[in-house]
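Each remark here refers to the structure printed beneath this line.
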Amino acid sequence: MTDSTISLNPEKVRKILVCQLRQIGDVMLSTPVAELLAQKFPDAEIHYFTEKKCVPVLENNPYISKIWALDKKELSNPVKEFAFYRKVARQGYDLMVGLQHLPRIRWISYLTDAPVKLSYNSSWINDIGYTHLTPAKSGYASESKAAILAPLGIEWNFTTPKLYLTDEERNAMSAQLKEWGVTDEHKLITVDATHHDRGRKYPPENYAKVISILAEKHKDLRFVLLAGPGEEGIFDEILSACDTPEAVIVPSPSLQLRQVAACQERSLLHFGNCSAPRHMSVAVGTPTFVILGSSSDAWRFPSKEHTTVNSDIECCPCNSTSCSLDYKCLYELDPALVAAKIEKHIEVITR
């Protein structure tokens, strides 16, 4: 069925399933969907179907009653895997929302007996599992995901992604900051120089130069380096090219997802590539400055607290995973220019 208005009595909607399997940043960007659904159906339990690695960004969320975590390693047996999908699907849902068209979510849409199943238009094999489909919407990713709720009369109202920290997590970060020698006189900037896609990865030596320029001019700044599992080698790459290593904090071991969020919450700014930490920063209310490369600006939350920079090369953004110009847009993006733009952005967000 195409997009049409659904009349659902909020008092009779008791269980809702939201499906967003991956990636971490996309799951983070889907959290406004849970909040908007909770506002529309205040008495309903909202369940989430996602991959195990993404669970930390959903934990402690007051709008989510249960998380169904898919551990692909544990479901190597097809019979066991099907049984898991069936268990998730048959929880008596009144409403299912499919935010991705992936085979595992397709199984859920086929198996659930929810009378209303929402998603966006895709291919016939994906669409047949749903009762109501909306055209895919361009724009900020959270807005695009929330557009799937249009048949329910729900519209995105600039609801930000949200990650909910506990007091224990905040206290643990306070203790960690003291251990790092961070005092009330310091201002933190989290730095994420990692990315699996070379077209979205500003060179580590350029990050080092930006940090050096800012640290020389602003002695109160401290830069906390972030990296995911297996990416910690980038710390040495940045430190070896940095003129101000005393201003750089290298967590050992590297911070886990919720620790990253706790650190970002205490920070002045997040500076990095187009990847999950930028969305986590938005989710804890911290401004961002992101280098795009091949990425479009659609991932930026539309407010003055969040800004991006890219090369003025005509082909940007290309949204491609290959480049005939050897990623000129990133490798020739002047660190001095980036540092100057960061300074200007800090002026805007601290006014």
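Chain labels follow the order of the structure tokens: the first chain is A, the next B, and so on; residue numbering restarts at 1 in every chain, and ligands are counted from 1 in their shown order.
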List as a Markdown table every residue of range 299-321 of chain A that is in contact with range 155-164 of chain A, defined as an atom at most 12 Å from one of its atoms (using only C-alpha atoms), together with the nearest atom pair and the distance in Å rounded to one decimal, sorted by chain and then rising number.
```
| residue | atom | partner | partner_atom | distance |
| --- | --- | --- | --- | --- |
| A:Trp299 | CA | A:Pro161 | CA | 11.9 |
| A:Arg300 | CA | A:Thr160 | CA | 11.0 |
| A:Phe301 | CA | A:Thr160 | CA | 7.7 |
| A:Pro302 | CA | A:Phe158 | CA | 8.2 |
| A:Ser303 | CA | A:Phe158 | CA | 9.4 |
| A:His306 | CA | A:Thr160 | CA | 12.0 |
```
Export C-alpha atoms of the chosen residues as a PDB file, in the first residue's frame?
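Result saved to out_1.pdb:
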```pdb
ATOM      1  CA  TRP A 299      24.271  14.129   7.850  1.00  0.00           C
ATOM      2  CA  ARG A 300      24.560  17.498   9.627  1.00  0.00           C
ATOM      3  CA  PHE A 301      21.921  18.427  12.184  1.00  0.00           C
ATOM      4  CA  PRO A 302      20.476  21.714  10.854  1.00  0.00           C
ATOM      5  CA  SER A 303      21.511  24.266  13.470  1.00  0.00           C
ATOM      6  CA  HIS A 306      26.868  22.019  13.951  1.00  0.00           C
TER       7      HIS A 306
END
```
Per residue of range 210-251 of chain A within 7 Å of range 172-186 of chain A, which atom pair is closest and at what distance in Å (one decimal), using only C-alpha atoms, listed by chain and increasing number, as a tab-separated table?
```
residue	atom	partner	partner_atom	distance
A:Asp220	CA	A:His186	CA	4.7
A:Leu221	CA	A:His186	CA	5.8
A:Arg222	CA	A:His186	CA	6.6
```
#### Entry: Selection near Pro253 in chain A, 10 Å with only C-alpha atoms, sequence-local residues under 2 positions removed, as a ChimeraX atom specification
/A:227,229,232,250-251,255-256
Could you write out that same residue set with N, CA and C atoms as a PDB file, in the first residue's frame?
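This went into again_29.pdb:
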```
ATOM      1  N   ALA A 227      39.040   6.449  18.982  1.00  0.00           N
ATOM      2  CA  ALA A 227      39.253   5.399  17.977  1.00  0.00           C
ATOM      3  C   ALA A 227      38.462   4.167  18.379  1.00  0.00           C
ATOM      4  N   PRO A 229      37.754  -0.138  18.102  1.00  0.00           N
ATOM      5  CA  PRO A 229      38.609  -1.322  18.243  1.00  0.00           C
ATOM      6  C   PRO A 229      39.435  -1.564  16.980  1.00  0.00           C
ATOM      7  N   GLU A 232      43.409   2.006  16.975  1.00  0.00           N
ATOM      8  CA  GLU A 232      44.233   2.805  17.897  1.00  0.00           C
ATOM      9  C   GLU A 232      45.570   3.239  17.305  1.00  0.00           C
ATOM     10  N   VAL A 250      45.642  10.860  25.042  1.00  0.00           N
ATOM     11  CA  VAL A 250      45.492   9.568  24.366  1.00  0.00           C
ATOM     12  C   VAL A 250      44.981   8.552  25.388  1.00  0.00           C
ATOM     13  N   PRO A 251      43.676   8.262  25.384  1.00  0.00           N
ATOM     14  CA  PRO A 251      43.136   7.288  26.346  1.00  0.00           C
ATOM     15  C   PRO A 251      43.726   5.903  26.112  1.00  0.00           C
ATOM     16  N   LEU A 255      38.596   4.773  24.516  1.00  0.00           N
ATOM     17  CA  LEU A 255      37.280   4.874  25.139  1.00  0.00           C
ATOM     18  C   LEU A 255      36.246   4.005  24.425  1.00  0.00           C
ATOM     19  N   GLN A 256      35.378   3.374  25.210  1.00  0.00           N
ATOM     20  CA  GLN A 256      34.253   2.635  24.662  1.00  0.00           C
ATOM     21  C   GLN A 256      33.143   3.621  24.294  1.00  0.00           C
TER      22      GLN A 256
END
```
### Task
Excluding Ser296 in chain A and residues on its chain fewer than 2 positions from it, collect all residues at most 9 Å away from it, counting only C-alpha atoms, and give them as a VMD selection string.
chain A and resid 292 to 294 298 to 300 316 to 319
Output file for the selection above: N, CA and C atoms, as a PDB file, in the first residue's frame:
```pdb
ATOM      1  N   LEU A 292      34.145  16.767   5.610  1.00  0.00           N
ATOM      2  CA  LEU A 292      33.281  15.901   4.828  1.00  0.00           C
ATOM      3  C   LEU A 292      33.977  14.990   3.827  1.00  0.00           C
ATOM      4  N   GLY A 293      34.876  15.489   3.022  1.00  0.00           N
ATOM      5  CA  GLY A 293      35.421  14.664   1.951  1.00  0.00           C
ATOM      6  C   GLY A 293      34.351  14.328   0.938  1.00  0.00           C
ATOM      7  N   SER A 294      34.129  13.038   0.701  1.00  0.00           N
ATOM      8  CA  SER A 294      33.140  12.626  -0.302  1.00  0.00           C
ATOM      9  C   SER A 294      31.700  12.735   0.197  1.00  0.00           C
ATOM     10  N   ALA A 298      24.126  16.157   4.189  1.00  0.00           N
ATOM     11  CA  ALA A 298      22.836  15.679   4.680  1.00  0.00           C
ATOM     12  C   ALA A 298      22.910  15.082   6.077  1.00  0.00           C
ATOM     13  N   TRP A 299      24.124  14.747   6.529  1.00  0.00           N
ATOM     14  CA  TRP A 299      24.271  14.129   7.850  1.00  0.00           C
ATOM     15  C   TRP A 299      24.394  15.168   8.961  1.00  0.00           C
ATOM     16  N   ARG A 300      24.383  16.437   8.626  1.00  0.00           N
ATOM     17  CA  ARG A 300      24.560  17.498   9.627  1.00  0.00           C
ATOM     18  C   ARG A 300      23.215  17.897  10.216  1.00  0.00           C
ATOM     19  N   CYS A 316      33.016  17.836  -5.378  1.00  0.00           N
ATOM     20  CA  CYS A 316      32.565  17.578  -3.999  1.00  0.00           C
ATOM     21  C   CYS A 316      31.134  18.082  -3.795  1.00  0.00           C
ATOM     22  N   PRO A 317      30.309  17.305  -3.098  1.00  0.00           N
ATOM     23  CA  PRO A 317      30.571  15.934  -2.646  1.00  0.00           C
ATOM     24  C   PRO A 317      30.205  14.934  -3.735  1.00  0.00           C
ATOM     25  N   CYS A 318      30.950  13.847  -3.799  1.00  0.00           N
ATOM     26  CA  CYS A 318      30.701  12.851  -4.844  1.00  0.00           C
ATOM     27  C   CYS A 318      29.990  11.611  -4.299  1.00  0.00           C
ATOM     28  N   ASN A 319      30.044  11.418  -2.969  1.00  0.00           N
ATOM     29  CA  ASN A 319      29.447  10.230  -2.336  1.00  0.00           C
ATOM     30  C   ASN A 319      29.949   8.932  -2.970  1.00  0.00           C
TER      31      ASN A 319
END
```
### Task
Identify, with DSSP run on backbone atoms, the residues in range 92-214 of chain A assigned to strand (DSSP E), and express the list as a ChimeraX atom specification.
/A:95-98,116-120,132-134,187-192
### Message
For Tyr110 in chain A, find every residue with an atom within 9 Å (counting only C-alpha atoms), except residues of its own chain fewer than 3 positions away, and show them as a ChimeraX atom specification.
### Response
/A:89,105-107,113,128-130
Same residues, C-alpha atoms, output as a PDB file, in the first residue's frame:
```pdb
ATOM      1  CA  ALA A  89       8.402 -10.888  15.440  1.00  0.00           C
ATOM      2  CA  ILE A 105      14.497  -7.043   8.841  1.00  0.00           C
ATOM      3  CA  ARG A 106      12.585  -8.482   5.878  1.00  0.00           C
ATOM      4  CA  TRP A 107      12.227 -11.733   7.853  1.00  0.00           C
ATOM      5  CA  ASP A 113       1.408 -10.370  12.806  1.00  0.00           C
ATOM      6  CA  ILE A 128       5.650  -6.786   0.146  1.00  0.00           C
ATOM      7  CA  GLY A 129       6.262  -7.183   3.887  1.00  0.00           C
ATOM      8  CA  TYR A 130       4.659  -3.825   4.727  1.00  0.00           C
TER       9      TYR A 130
END
```
### Task
Please report, as a PyMOL selection string, each residue of range 61-239 of chain A to which DSSP assigns helix (DSSP H, G or I) when run on this structure's backbone.
chain A and resi 78-89+103-111+124-127+141-152+167-179+198-200+204-217+233-239
### Message
Report, in Å with one decimal, the straight-line distance from CA of Asp326 in chain A to CA of His270 in chain A.
### Response
26.8 Å
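Separating CA of Phe49 in chain A from CA of Thr112 in chain A is a distance of 12.7 Å.
Of the residues listed (A:Glu143, A:Val55, A:Tyr63, A:Ala114), A:Tyr63 shows the shortest atom-to-atom separation from Ala34 in chain A; distances use only C-alpha atoms.
Relative to CA of Ser142 in chain A, CA of Val260 in chain A is found at 21.0 Å.
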Please report, as a Markdown table, each residue of range 262-336 of chain A lying at most 8 Å from range 188-198 of chain A, together with the nearest pair of atoms and the separation in Å rounded to one decimal; use only C-alpha atoms, and order rows by chain and ascending residue number.
```
| residue | atom | partner | partner_atom | distance |
| --- | --- | --- | --- | --- |
| A:Cys263 | CA | A:Thr190 | CA | 7.6 |
| A:Gln264 | CA | A:Thr190 | CA | 6.4 |
| A:Arg266 | CA | A:Leu188 | CA | 7.2 |
| A:Ser267 | CA | A:Leu188 | CA | 4.6 |
| A:Leu268 | CA | A:Leu188 | CA | 5.5 |
| A:Leu269 | CA | A:Ile189 | CA | 4.9 |
| A:His270 | CA | A:Thr190 | CA | 4.8 |
| A:Phe271 | CA | A:Val191 | CA | 4.9 |
| A:Gly272 | CA | A:Asp192 | CA | 4.4 |
| A:Asn273 | CA | A:Ala193 | CA | 6.0 |
| A:Cys274 | CA | A:His195 | CA | 8.0 |
| A:Ser275 | CA | A:His195 | CA | 7.0 |
| A:Pro277 | CA | A:Asp192 | CA | 7.1 |
| A:Thr321 | CA | A:Asp197 | CA | 6.8 |
| A:Tyr327 | CA | A:Arg198 | CA | 7.8 |
```
### Query
Neighbours of Lys145 in chain A within 12 Å (only C-alpha atoms; same-chain residues fewer than 5 positions away dropped), as a PyMOL selection string?
chain A and resi 18-20+26-34+36+97-100+118-120+134-140+150+154-156+159+161
Can those selected residues be exported to a file as a short mmCIF file (atom, residue, chain, number, x, y, z; two decimals), in the first residue's frame so that it contains C-alpha atoms?
```
data_model
loop_
_atom_site.label_atom_id
_atom_site.label_comp_id
_atom_site.auth_asym_id
_atom_site.auth_seq_id
_atom_site.Cartn_x
_atom_site.Cartn_y
_atom_site.Cartn_z
CA VAL A 18 11.34 -0.40 15.50
CA CYS A 19 13.91 -2.13 13.27
CA GLN A 20 17.29 -0.48 12.62
CA ASP A 26 22.49 5.19 11.83
CA VAL A 27 21.05 3.59 14.96
CA MET A 28 21.92 6.76 16.87
CA LEU A 29 20.15 8.81 14.19
CA SER A 30 17.05 6.63 14.53
CA THR A 31 16.40 7.51 18.19
CA PRO A 32 14.07 10.44 17.34
CA VAL A 33 11.72 7.83 15.86
CA ALA A 34 11.35 6.20 19.29
CA LEU A 36 8.15 10.65 18.40
CA VAL A 97 8.48 0.33 11.73
CA GLY A 98 11.19 -0.86 9.34
CA LEU A 99 13.86 1.81 8.98
CA GLN A 100 16.13 -0.30 6.76
CA LEU A 118 5.53 0.94 7.99
CA SER A 119 8.57 1.51 5.81
CA TYR A 120 9.70 3.48 2.76
CA THR A 134 6.18 6.35 2.11
CA PRO A 135 8.51 7.79 -0.52
CA ALA A 136 12.13 7.99 0.64
CA LYS A 137 12.84 11.52 1.87
CA SER A 138 16.09 13.41 1.40
CA GLY A 139 17.53 15.73 4.02
CA TYR A 140 18.91 15.22 7.50
CA ALA A 150 3.89 10.13 8.15
CA ILE A 154 3.72 12.15 12.91
CA GLU A 155 6.15 14.76 11.59
CA TRP A 156 9.79 15.34 12.54
CA THR A 159 13.95 16.28 17.39
CA PRO A 161 19.15 12.07 18.34
#
```
### Task
Might you pull out every residue within 8 Å of Arg258 in chain A, with only C-alpha atoms counted and same-chain residues fewer than 5 positions away left off, and present them as a PyMOL selection string?
chain A and resi 56-57+165+169
### Which of A:Asp334, A:Asp312, A:Asp167, A:Asp243 sits closest to Tyr202 in chain A [using only C-alpha atoms]
A:Asp334
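Shortest separation to Thr350 in chain A among A:Leu337, A:Lys187, A:Leu257, A:Ile46 occurs at residue A:Lys187, atoms counted being only C-alpha atoms.
Nearest residue to Pro287 in chain A among A:Ile125, A:Ile342, A:Ile349, A:Leu111 is A:Ile349, counting only C-alpha atoms.
The residue that comes closest to Ala83 in chain A, out of A:Cys323, A:Ala141, A:Ile108, A:Ile249 and on the basis of only C-alpha atoms, is A:Ile108.
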### Query
With only C-alpha atoms as the atoms that count, which of A:Ser252, A:Ser295, A:Ser65, A:Gln91 lies nearest to Ser311 in chain A?
A:Ser295
